[in-house]
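Dumped upload29.txt below, it's compact mmCIF, C-alpha atoms and all ligand atoms:
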```
# COMPACT_ATOMS: atom_id res chain seq x y z
CA MET L 1 -15.15 -17.93 -25.61
CA LYS L 2 -18.59 -19.39 -25.08
CA ILE L 3 -19.08 -22.15 -22.61
CA SER L 4 -22.16 -24.36 -22.49
CA ARG L 5 -23.66 -25.34 -19.18
CA LYS L 6 -22.98 -28.99 -19.90
CA SER L 7 -19.30 -28.60 -20.68
CA PHE L 8 -19.06 -26.17 -17.78
CA PHE L 9 -20.07 -28.76 -15.20
CA LYS L 10 -17.96 -31.35 -16.95
CA GLY L 11 -15.06 -28.99 -16.41
CA ILE L 12 -15.82 -28.85 -12.70
CA ALA L 13 -15.96 -32.60 -12.41
CA PHE L 14 -12.49 -32.92 -13.86
CA GLY L 15 -11.19 -29.90 -12.02
CA THR L 16 -9.95 -28.28 -15.18
CA VAL L 17 -11.70 -24.93 -14.93
CA SER L 18 -10.66 -22.45 -12.28
CA LEU L 19 -13.29 -21.10 -9.92
CA PRO L 20 -12.72 -17.41 -10.70
CA PHE L 21 -13.18 -18.25 -14.37
CA LEU L 22 -16.45 -20.00 -13.56
CA ILE L 23 -17.69 -17.03 -11.67
CA ARG L 24 -16.79 -14.72 -14.51
CA ALA L 25 -18.51 -17.08 -16.93
CA PHE L 26 -21.69 -16.71 -14.90
CA GLY L 27 -21.30 -12.99 -14.63
CA GLY L 28 -20.66 -12.74 -10.91
CA LYS L 29 -20.94 -14.56 -7.65
CA ASN L 30 -24.72 -14.02 -7.27
CA HIS L 31 -25.34 -16.12 -10.33
CA ALA L 32 -22.93 -18.72 -9.02
CA GLN L 33 -24.84 -18.84 -5.75
CA GLU L 34 -28.24 -19.11 -7.46
CA ASP L 35 -26.96 -21.95 -9.53
CA SER L 36 -25.45 -23.73 -6.59
CA ALA L 37 -28.21 -26.10 -5.51
CA GLY L 38 -26.95 -29.64 -5.60
CA THR L 39 -23.56 -28.68 -7.00
CA PRO L 40 -20.24 -29.34 -5.29
CA ASN L 41 -19.42 -27.23 -2.24
CA ILE L 42 -16.67 -25.34 -3.96
CA LEU L 43 -19.25 -23.61 -6.13
CA THR L 44 -21.05 -22.14 -3.13
CA ALA L 45 -17.86 -21.07 -1.35
CA LYS L 46 -17.87 -17.33 -1.06
CA GLN L 47 -14.98 -15.62 -2.75
CA TYR L 48 -13.20 -12.79 -0.98
CA ARG L 49 -11.20 -10.24 -2.93
CA TRP L 50 -9.38 -8.12 -0.41
CA LYS L 51 -7.09 -5.14 -0.40
CA MET L 52 -4.20 -4.82 2.03
CA VAL L 53 -2.98 -1.28 2.62
CA THR L 54 0.44 -1.02 4.22
CA THR L 55 2.60 1.68 5.75
CA TRP L 56 5.70 0.32 3.99
CA PRO L 57 7.21 1.33 0.67
CA PRO L 58 6.11 -1.21 -1.99
CA ASN L 59 8.06 -4.48 -1.63
CA PHE L 60 10.15 -2.97 1.19
CA PRO L 61 12.88 -5.54 1.96
CA ILE L 62 11.72 -8.17 4.46
CA ILE L 63 8.84 -6.11 5.95
CA GLY L 64 6.97 -5.42 2.70
CA GLU L 65 7.98 -8.81 1.35
CA ALA L 66 6.33 -10.36 4.40
CA CYS L 67 3.03 -8.71 3.40
CA ASN L 68 3.28 -10.20 -0.10
CA LYS L 69 4.06 -13.61 1.37
CA TYR L 70 1.18 -13.28 3.83
CA ALA L 71 -1.19 -12.74 0.91
CA GLU L 72 0.26 -15.71 -1.01
CA LEU L 73 -0.01 -17.95 2.03
CA VAL L 74 -3.61 -16.95 2.78
CA GLU L 75 -4.56 -17.60 -0.83
CA LYS L 76 -2.88 -21.02 -0.83
CA MET L 77 -4.26 -22.10 2.53
CA SER L 78 -7.78 -20.99 1.63
CA GLY L 79 -7.68 -22.68 -1.77
CA GLY L 80 -8.06 -19.29 -3.40
CA ARG L 81 -11.14 -18.26 -1.40
CA ILE L 82 -9.34 -15.20 -0.04
CA ARG L 83 -7.18 -13.28 -2.46
CA ILE L 84 -5.43 -10.22 -1.12
CA ARG L 85 -3.94 -7.51 -3.29
CA VAL L 86 -1.14 -5.79 -1.41
CA TYR L 87 -0.57 -2.04 -1.77
CA GLY L 88 2.55 -0.26 -0.61
CA GLY L 89 2.24 2.96 1.34
CA ASN L 90 0.87 5.80 -0.83
CA GLU L 91 -0.13 3.42 -3.63
CA LEU L 92 -3.82 3.29 -2.73
CA VAL L 93 -3.93 5.67 0.25
CA PRO L 94 -1.22 7.65 2.09
CA ALA L 95 0.92 5.31 4.23
CA LEU L 96 -0.30 6.64 7.55
CA GLU L 97 -3.96 6.42 6.54
CA ALA L 98 -3.83 2.62 6.47
CA PHE L 99 -5.40 2.37 9.93
CA ASP L 100 -8.39 4.59 9.14
CA THR L 101 -8.82 3.05 5.70
CA VAL L 102 -9.23 -0.45 7.17
CA ARG L 103 -11.26 0.78 10.13
CA THR L 104 -13.82 2.38 7.82
CA GLY L 105 -13.87 -0.49 5.31
CA GLY L 106 -11.88 1.14 2.48
CA ALA L 107 -9.66 -1.96 2.62
CA GLU L 108 -10.14 -5.20 4.52
CA ILE L 109 -6.66 -5.58 5.99
CA GLY L 110 -3.64 -3.42 6.74
CA SER L 111 -0.05 -3.75 7.85
CA GLY L 112 1.91 -1.33 9.99
CA ALA L 113 3.34 -0.88 13.47
CA ALA L 114 1.04 0.14 16.30
CA TYR L 115 3.12 3.16 17.34
CA TYR L 116 2.06 4.92 14.14
CA TRP L 117 -1.41 5.22 15.70
CA ALA L 118 -0.29 6.80 18.98
CA GLY L 119 -2.04 10.04 17.94
CA LYS L 120 -5.38 8.17 17.85
CA ALA L 121 -4.74 5.88 20.82
CA PRO L 122 -1.63 6.57 22.93
CA ALA L 123 -1.73 3.01 24.35
CA ALA L 124 -1.10 1.59 20.86
CA GLN L 125 2.63 2.24 21.04
CA PHE L 126 3.12 -0.31 23.82
CA PHE L 127 2.21 -3.00 21.28
CA ALA L 128 4.96 -1.86 18.89
CA SER L 129 7.99 -0.56 20.76
CA VAL L 130 8.85 1.90 23.48
CA PRO L 131 12.35 3.09 24.42
CA PHE L 132 13.93 0.79 27.01
CA GLY L 133 11.02 -1.62 26.51
CA MET L 134 11.01 -5.32 25.76
CA ASN L 135 12.92 -7.08 23.00
CA ALA L 136 11.30 -9.29 20.35
CA GLN L 137 11.32 -12.45 22.43
CA GLN L 138 9.90 -10.73 25.51
CA LEU L 139 7.32 -8.76 23.54
CA ASN L 140 6.11 -11.94 21.83
CA ALA L 141 5.96 -13.59 25.24
CA TRP L 142 3.85 -10.76 26.66
CA ILE L 143 1.54 -10.50 23.64
CA ILE L 144 1.12 -14.20 22.91
CA GLY L 145 1.59 -15.64 26.39
CA GLY L 146 1.22 -12.84 28.93
CA GLY L 147 -2.13 -11.15 28.34
CA GLY L 148 -0.90 -8.46 25.93
CA LEU L 149 -3.03 -9.62 22.99
CA GLN L 150 -6.28 -9.36 24.97
CA LEU L 151 -5.49 -5.73 25.79
CA TRP L 152 -4.48 -5.04 22.20
CA GLU L 153 -7.75 -6.55 20.93
CA GLU L 154 -9.70 -4.49 23.45
CA LEU L 155 -8.00 -1.30 22.31
CA TYR L 156 -8.51 -1.98 18.59
CA ARG L 157 -12.12 -3.13 19.10
CA ASP L 158 -13.06 0.51 19.61
CA PHE L 159 -11.62 1.19 16.16
CA ASN L 160 -13.49 -1.70 14.52
CA LEU L 161 -10.22 -3.59 14.01
CA VAL L 162 -8.75 -6.97 14.93
CA PRO L 163 -4.97 -6.80 15.55
CA MET L 164 -2.50 -9.62 14.90
CA ALA L 165 1.20 -9.76 15.71
CA GLY L 166 2.90 -10.01 12.33
CA GLY L 167 6.66 -9.54 12.68
CA ASN L 168 9.47 -7.96 14.62
CA THR L 169 12.60 -6.05 13.68
CA GLY L 170 14.65 -7.41 16.58
CA VAL L 171 16.88 -5.02 18.55
CA GLN L 172 17.59 -2.08 16.27
CA MET L 173 20.87 -0.21 16.04
CA GLY L 174 21.39 3.14 17.77
CA GLY L 175 22.08 4.96 14.52
CA TRP L 176 24.72 6.63 12.37
CA PHE L 177 26.55 9.67 13.71
CA ASN L 178 29.05 12.07 12.24
CA ARG L 179 30.54 12.85 15.61
CA GLU L 180 31.51 10.80 18.62
CA ILE L 181 28.99 10.52 21.41
CA ASN L 182 30.90 10.34 24.68
CA SER L 183 28.42 11.85 27.10
CA ILE L 184 24.87 13.14 27.33
CA GLN L 185 26.30 16.62 26.58
CA ASP L 186 27.10 15.43 23.05
CA LEU L 187 23.38 15.06 22.37
CA LYS L 188 22.82 18.78 23.01
CA GLY L 189 21.97 20.47 19.73
CA LEU L 190 22.24 17.18 17.86
CA LYS L 191 19.88 17.09 14.89
CA MET L 192 18.84 13.49 14.49
CA ARG L 193 16.25 11.70 12.44
CA ILE L 194 14.58 9.64 15.17
CA PRO L 195 10.80 9.22 15.24
CA GLY L 196 8.27 8.67 17.99
CA LEU L 197 9.03 8.47 21.69
CA GLY L 198 12.77 8.17 20.99
CA GLY L 199 12.56 11.65 19.50
CA LYS L 200 10.82 12.98 22.61
CA VAL L 201 13.55 11.48 24.79
CA LEU L 202 16.25 13.06 22.60
CA GLU L 203 14.46 16.39 22.98
CA LYS L 204 14.69 16.08 26.78
CA ALA L 205 18.43 15.57 26.34
CA GLY L 206 18.64 18.85 24.42
CA GLY L 207 18.73 17.38 20.94
CA SER L 208 16.41 18.10 18.00
CA PRO L 209 14.50 15.20 16.52
CA VAL L 210 13.98 15.79 12.80
CA LEU L 211 11.24 14.07 10.86
CA LEU L 212 12.46 12.95 7.45
CA ALA L 213 10.81 10.47 5.11
CA GLY L 214 12.90 7.39 4.22
CA GLY L 215 13.90 8.80 0.82
CA GLU L 216 15.22 12.07 2.28
CA ILE L 217 17.48 10.70 5.00
CA TYR L 218 20.58 9.98 2.94
CA THR L 219 20.86 13.41 1.37
CA GLY L 220 19.89 15.03 4.69
CA LEU L 221 22.81 13.32 6.39
CA GLU L 222 25.16 13.92 3.49
CA ARG L 223 24.42 17.64 3.36
CA GLY L 224 24.46 18.16 7.12
CA VAL L 225 20.72 18.88 7.42
CA ILE L 226 20.93 16.24 10.15
CA ASP L 227 23.94 15.11 12.20
CA ALA L 228 22.68 11.61 12.80
CA THR L 229 19.98 9.13 11.87
CA GLU L 230 18.61 5.87 13.07
CA TRP L 231 16.91 3.47 10.68
CA LEU L 232 16.74 -0.26 11.37
CA GLY L 233 19.67 -2.65 11.56
CA PRO L 234 22.78 -3.43 9.49
CA TYR L 235 20.85 -4.98 6.58
CA HIS L 236 18.44 -2.13 5.87
CA ASP L 237 21.00 0.51 6.88
CA THR L 238 23.50 -0.89 4.38
CA LEU L 239 20.85 -0.78 1.65
CA MET L 240 20.44 2.93 2.47
CA GLY L 241 24.20 3.45 2.07
CA PHE L 242 24.65 5.27 5.39
CA HIS L 243 28.09 3.70 5.87
CA ASP L 244 29.35 5.80 2.95
CA ILE L 245 28.50 9.12 4.59
CA ALA L 246 28.54 8.62 8.37
CA LYS L 247 31.58 7.83 10.49
CA TYR L 248 30.21 6.01 13.52
CA TYR L 249 27.61 3.30 13.93
CA TYR L 250 26.31 3.26 17.50
CA THR L 251 24.69 0.49 19.51
CA PRO L 252 22.26 -0.32 21.03
CA GLY L 253 18.96 0.95 19.66
CA TRP L 254 17.70 1.96 23.10
CA HIS L 255 14.76 3.67 21.41
CA GLU L 256 13.53 0.54 19.57
CA PRO L 257 14.63 -2.63 21.36
CA GLY L 258 12.34 -4.84 19.26
CA THR L 259 9.57 -3.30 17.22
CA MET L 260 6.49 -5.47 16.73
CA LEU L 261 4.83 -5.24 13.33
CA GLU L 262 1.12 -5.88 12.91
CA TYR L 263 -1.70 -6.86 10.63
CA PHE L 264 -5.10 -5.41 11.37
CA VAL L 265 -8.37 -6.60 9.85
CA ASN L 266 -11.67 -4.73 9.65
CA LYS L 267 -13.58 -6.27 12.56
CA GLU L 268 -17.04 -6.41 10.94
CA THR L 269 -15.52 -8.14 7.93
CA TYR L 270 -13.52 -10.50 10.16
CA ASP L 271 -16.51 -11.41 12.34
CA LYS L 272 -18.53 -12.42 9.29
CA LEU L 273 -15.85 -14.81 8.00
CA PRO L 274 -16.26 -18.55 8.47
CA ALA L 275 -14.10 -19.87 11.31
CA ASP L 276 -11.68 -21.68 8.98
CA LEU L 277 -10.84 -18.46 7.13
CA GLN L 278 -10.38 -16.58 10.41
CA ALA L 279 -7.97 -19.32 11.49
CA ILE L 280 -6.11 -19.05 8.19
CA LEU L 281 -5.63 -15.28 8.64
CA GLN L 282 -4.36 -15.83 12.19
CA THR L 283 -2.06 -18.67 11.19
CA ALA L 284 -0.56 -16.68 8.33
CA ALA L 285 0.10 -13.78 10.73
CA ALA L 286 1.85 -16.11 13.18
CA TRP L 287 3.96 -17.41 10.31
CA SER L 288 4.74 -13.83 9.23
CA ASN L 289 5.77 -12.95 12.78
CA LEU L 290 8.34 -15.75 12.81
CA TRP L 291 9.47 -15.28 9.22
CA THR L 292 10.09 -11.55 9.60
CA LEU L 293 12.14 -11.81 12.77
CA SER L 294 14.12 -14.75 11.36
CA GLN L 295 14.89 -12.86 8.15
CA MET L 296 15.91 -9.80 10.14
CA GLU L 297 18.28 -11.79 12.32
CA ALA L 298 19.77 -13.69 9.38
CA LYS L 299 20.23 -10.71 7.04
CA ASN L 300 21.47 -8.40 9.80
CA ALA L 301 24.11 -10.90 10.88
CA GLU L 302 25.34 -11.16 7.29
CA ALA L 303 25.30 -7.40 6.73
CA LEU L 304 27.23 -6.79 9.96
CA THR L 305 30.03 -8.95 8.60
CA THR L 306 30.07 -6.84 5.43
CA LEU L 307 30.10 -3.58 7.39
CA LEU L 308 33.01 -4.78 9.52
CA GLU L 309 34.93 -5.74 6.39
CA LYS L 310 34.35 -2.23 5.10
CA GLY L 311 35.93 -0.90 8.27
CA VAL L 312 32.85 0.76 9.75
CA SER L 313 33.50 1.91 13.30
CA ILE L 314 30.93 0.39 15.65
CA ARG L 315 30.66 2.18 18.98
CA ARG L 316 28.81 1.61 22.21
CA PHE L 317 26.81 4.40 23.80
CA PRO L 318 28.42 5.14 27.19
CA LYS L 319 26.60 3.56 30.12
CA GLU L 320 25.95 6.90 31.91
CA LEU L 321 24.34 8.29 28.77
CA ILE L 322 22.10 5.22 28.50
CA ASN L 323 21.09 5.59 32.17
CA GLN L 324 20.24 9.25 31.63
CA LEU L 325 18.15 8.41 28.58
CA ARG L 326 16.34 5.76 30.63
CA GLN L 327 15.48 8.46 33.17
CA TYR L 328 14.12 10.76 30.44
CA THR L 329 12.15 7.83 29.01
CA ASN L 330 10.46 7.24 32.37
CA GLU L 331 9.41 10.89 32.39
CA VAL L 332 8.00 10.64 28.86
CA ILE L 333 6.05 7.47 29.70
CA THR L 334 4.74 8.86 33.00
CA ASP L 335 3.37 11.77 31.02
CA ILE L 336 1.51 9.39 28.69
CA ILE L 337 -0.02 7.17 31.36
CA ASP L 338 -1.00 10.13 33.57
CA ASN L 339 -3.09 11.48 30.72
CA ASP L 340 -4.68 8.31 29.37
CA PRO L 341 -6.27 5.65 31.62
CA PHE L 342 -6.10 2.89 29.00
CA SER L 343 -2.39 3.58 28.48
CA ARG L 344 -1.92 3.17 32.23
CA ARG L 345 -3.73 -0.18 32.17
CA VAL L 346 -1.65 -1.44 29.26
CA TYR L 347 1.60 -0.11 30.67
CA GLU L 348 0.96 -1.72 34.07
CA SER L 349 0.56 -5.10 32.38
CA TYR L 350 3.58 -4.41 30.13
CA ASP L 351 5.80 -3.24 32.95
CA SER L 352 4.88 -6.04 35.32
CA PHE L 353 5.56 -8.62 32.61
CA ARG L 354 8.83 -6.88 31.67
CA ASN L 355 10.10 -7.12 35.25
CA LYS L 356 9.38 -10.84 35.39
CA ALA L 357 10.86 -11.41 31.94
CA ALA L 358 13.97 -9.43 32.92
CA ASN L 359 14.58 -11.68 35.92
CA TYR L 360 14.08 -14.81 33.88
CA SER L 361 16.34 -13.65 31.04
CA LEU L 362 18.98 -12.67 33.61
CA ILE L 363 19.39 -16.29 34.67
CA THR L 364 19.02 -17.74 31.15
CA GLU L 365 19.60 -15.55 28.07
CA LYS L 366 22.14 -13.29 29.75
CA GLU L 367 24.10 -16.25 31.11
CA PHE L 368 24.03 -17.68 27.62
CA TYR L 369 25.30 -14.49 25.97
CA ASP L 370 27.92 -13.87 28.66
CA LYS L 371 29.27 -17.36 29.16
CA ILE L 372 28.06 -19.91 26.67
CA GLN L 373 28.08 -18.15 23.31
CA LYS L 374 31.45 -17.99 21.66
CA ASN L 375 31.99 -14.38 20.69
CA SER L 376 34.52 -13.20 18.17
CA GLU L 377 36.85 -10.39 19.18
CA LEU L 378 34.65 -7.53 18.06
CA ASP L 379 36.40 -4.35 19.04
CA LEU L 380 33.76 -1.87 20.13
CA GLY L 381 34.69 1.63 21.11
CA CA R 401 14.04 2.61 13.64
```
Please express what this file holds, its structure, as structure tokens.
Amino acid sequence: MKISRKSFFKGIAFGTVSLPFLIRAFGGKNHAQEDSAGTPNILTAKQYRWKMVTTWPPNFPIIGEACNKYAELVEKMSGGRIRIRVYGGNELVPALEAFDTVRTGGAEIGSGAAYYWAGKAPAAQFFASVPFGMNAQQLNAWIIGGGGLQLWEELYRDFNLVPMAGGNTGVQMGGWFNREINSIQDLKGLKMRIPGLGGKVLEKAGGSPVLLAGGEIYTGLERGVIDATEWLGPYHDTLMGFHDIAKYYYTPGWHEPGTMLEYFVNKETYDKLPADLQAILQTAAAWSNLWTLSQMEAKNAEALTTLLEKGVSIRRFPKELINQLRQYTNEVITDIIDNDPFSRRVYESYDSFRNKAANYSLITEKEFYDKIQKNSELDLG
């Protein structure tokens, strides 16, 4: 279809022709810019076509969906100036190359969880989750209100990235087991799919952490390749079907008490953006942070009801076992901060905030859970 210059500008005046179409009609944005003198602002507005690489399977429930919604929201808020195409893990680059891809400009934005990058920067994991660390509310409080974000930005600056808090899983579950766990001895020789620092802690208890990709866990558990697995919470775990092949569902997820999810933007690209677009990216991330945690809480609560109806046996880890794991965790963390000065700096801020938050939640949240909230008669072993 041919379009004359006259009818073209007429189209603009009546708002009937979309901007991308205009740019195509002129054969690219350079032409559009050359032709921009004296024309409405919208013609000169730079168009950004971005790629988001993620560590999640494509459209992964809630977490991958949040990335899609982030892109939609940014496009809407920017009036189409930024359009982001979202790629699941391994679609454009391998899932765990998202960080390096964005850092080096192969994509403009990524989504993951900072503990995936512990091999590049050990301090990164404190911005995602550490065993016996803070829960979602406390971690948000530290990052958004307690100095955590400044440290996170400082760490990622060296990688040419700008980090943004983008979601949280909430307290995860302790995992699915095919045998009862009554003491720390029961972890000896236990083959469990549990990644990251949780795996290191299990190792100290005499167990064997096994690394299995999401798609291999079910058959691994079914065939006895592993004796146990953790995943997320009731909603995602139910989607995986673990309740059909494992007897006991243990709580709490001591290893992931509230994992923060992130967006990270290439810093050079971010710094060149006009301030309004930077604000839009930040605002969409803040929305994603709230949306993800809210969806997690809502869907997990529903799925728990379903699991209970199916007769799944929910058990508590014994207190002595939890205390022993806490001890092992301290050893694992001491090892990290002794070997990396920046990790020590971050952990000191994290730990000091955690102690204050623990005191405050003791006189508020804990009182609420213990005395105010009406609990049903959940029978936990
Ligand atoms: Ca997990």
Which residue out of L:Thr259, L:Ser343, L:Thr292, L:Thr283 has the minimum interatomic distance to ligand CA 401 (chain R) when only C-alpha atoms and all ligand atoms are used? L:Thr259
Sort by chain and increasing residue number a table of all residues of chain L within 12 Å of ligand CA 401 (chain R), each with its closest pair of atoms and their distance in Å to one decimal, counting all atoms listed in the file, and write it as CSV.
```
residue,atom,partner,partner_atom,distance
L:Ala113,CA,R:CA401,CA,11.3
L:Tyr115,CA,R:CA401,CA,11.5
L:Ala128,CA,R:CA401,CA,11.4
L:Ser129,CA,R:CA401,CA,9.9
L:Val130,CA,R:CA401,CA,11.1
L:Pro131,CA,R:CA401,CA,10.9
L:Asn168,CA,R:CA401,CA,11.6
L:Thr169,CA,R:CA401,CA,8.8
L:Gly170,CA,R:CA401,CA,10.5
L:Val171,CA,R:CA401,CA,9.5
L:Gln172,CA,R:CA401,CA,6.4
L:Met173,CA,R:CA401,CA,7.8
L:Gly174,CA,R:CA401,CA,8.4
L:Gly175,CA,R:CA401,CA,8.4
L:Trp176,CA,R:CA401,CA,11.5
L:Met192,CA,R:CA401,CA,11.9
L:Arg193,CA,R:CA401,CA,9.4
L:Ile194,CA,R:CA401,CA,7.2
L:Pro195,CA,R:CA401,CA,7.5
L:Gly196,CA,R:CA401,CA,9.4
L:Leu197,CA,R:CA401,CA,11.1
L:Gly198,CA,R:CA401,CA,9.3
L:Gly199,CA,R:CA401,CA,10.9
L:Gly214,CA,R:CA401,CA,10.6
L:Thr229,CA,R:CA401,CA,9.0
L:Glu230,CA,R:CA401,CA,5.6
L:Trp231,CA,R:CA401,CA,4.2
L:Leu232,CA,R:CA401,CA,4.5
L:Gly233,CA,R:CA401,CA,8.0
L:Pro234,CA,R:CA401,CA,11.4
L:His236,CA,R:CA401,CA,10.1
L:Asp237,CA,R:CA401,CA,9.9
L:Pro252,CA,R:CA401,CA,11.4
L:Gly253,CA,R:CA401,CA,7.9
L:Trp254,CA,R:CA401,CA,10.2
L:His255,CA,R:CA401,CA,7.9
L:Glu256,CA,R:CA401,CA,6.3
L:Pro257,CA,R:CA401,CA,9.3
L:Gly258,CA,R:CA401,CA,9.5
L:Thr259,CA,R:CA401,CA,8.2
L:Met260,CA,R:CA401,CA,11.5
```
Quote the spacing between CA of Trp152 (chain L) and CA of Pro57 (chain L) in Å to one decimal place. 25.3 Å
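For the choices L:Ala286, L:Thr54, L:Arg223, L:Tyr328, the atom-to-atom distance to Ile144 (chain L) is smallest for L:Ala286 when using all atoms listed in the file.
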What does the distance between CA of Phe99 (chain L) and CA of Asp158 (chain L) come to in Å, to one decimal place? 12.5 Å
Suppose you want the space between CA of Asn266 (chain L) and CA of Ala66 (chain L); what is it in Å? 19.6 Å
Pick out the residues sitting within 9 Å of Arg179 (chain L), and hand them over as a VMD selection string; count all atoms listed in the file, and ignore anything fewer than 5 positions along from it in its own chain. chain L and resid 186 227 to 228 246 to 248
Step by step: start from the point (4.8, 4.0, 3.0) in the file's coordinates, keep every protein, DNA or RNA residue that has an atom no farther than 6 Å from it, count all atoms listed in the file, and write the set as number ranges by chain. L: 55-57, 89-90, 95
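Each of L:Gly311, L:Gly148, L:Pro209, L:Gly112 was checked against Ile63 (chain L) using only C-alpha atoms; the smallest atom-to-atom distance is that of L:Gly112.
With distances taken over all atoms listed in the file, L:Tyr70 is the one residue among L:Phe368, L:Tyr48, L:Tyr70, L:Phe342 lying closest to Trp291 (chain L).
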Set up a box along x, y and z of the file covering all listed atoms of region 93-109 of chain L, add 5 Å on every one of the six sides, and write the centre and edge lengths in Å to one decimal, as lines of an AutoDock Vina configuration file.
```
center_x = -6.5
center_y = 1.0
center_z = 5.2
size_x = 24.8
size_y = 23.2
size_z = 19.9
```
Between L:Gly80, L:Ile322, L:Thr101, L:Gly133, smallest distance to Ala45 (chain L) by only C-alpha atoms belongs to L:Gly80
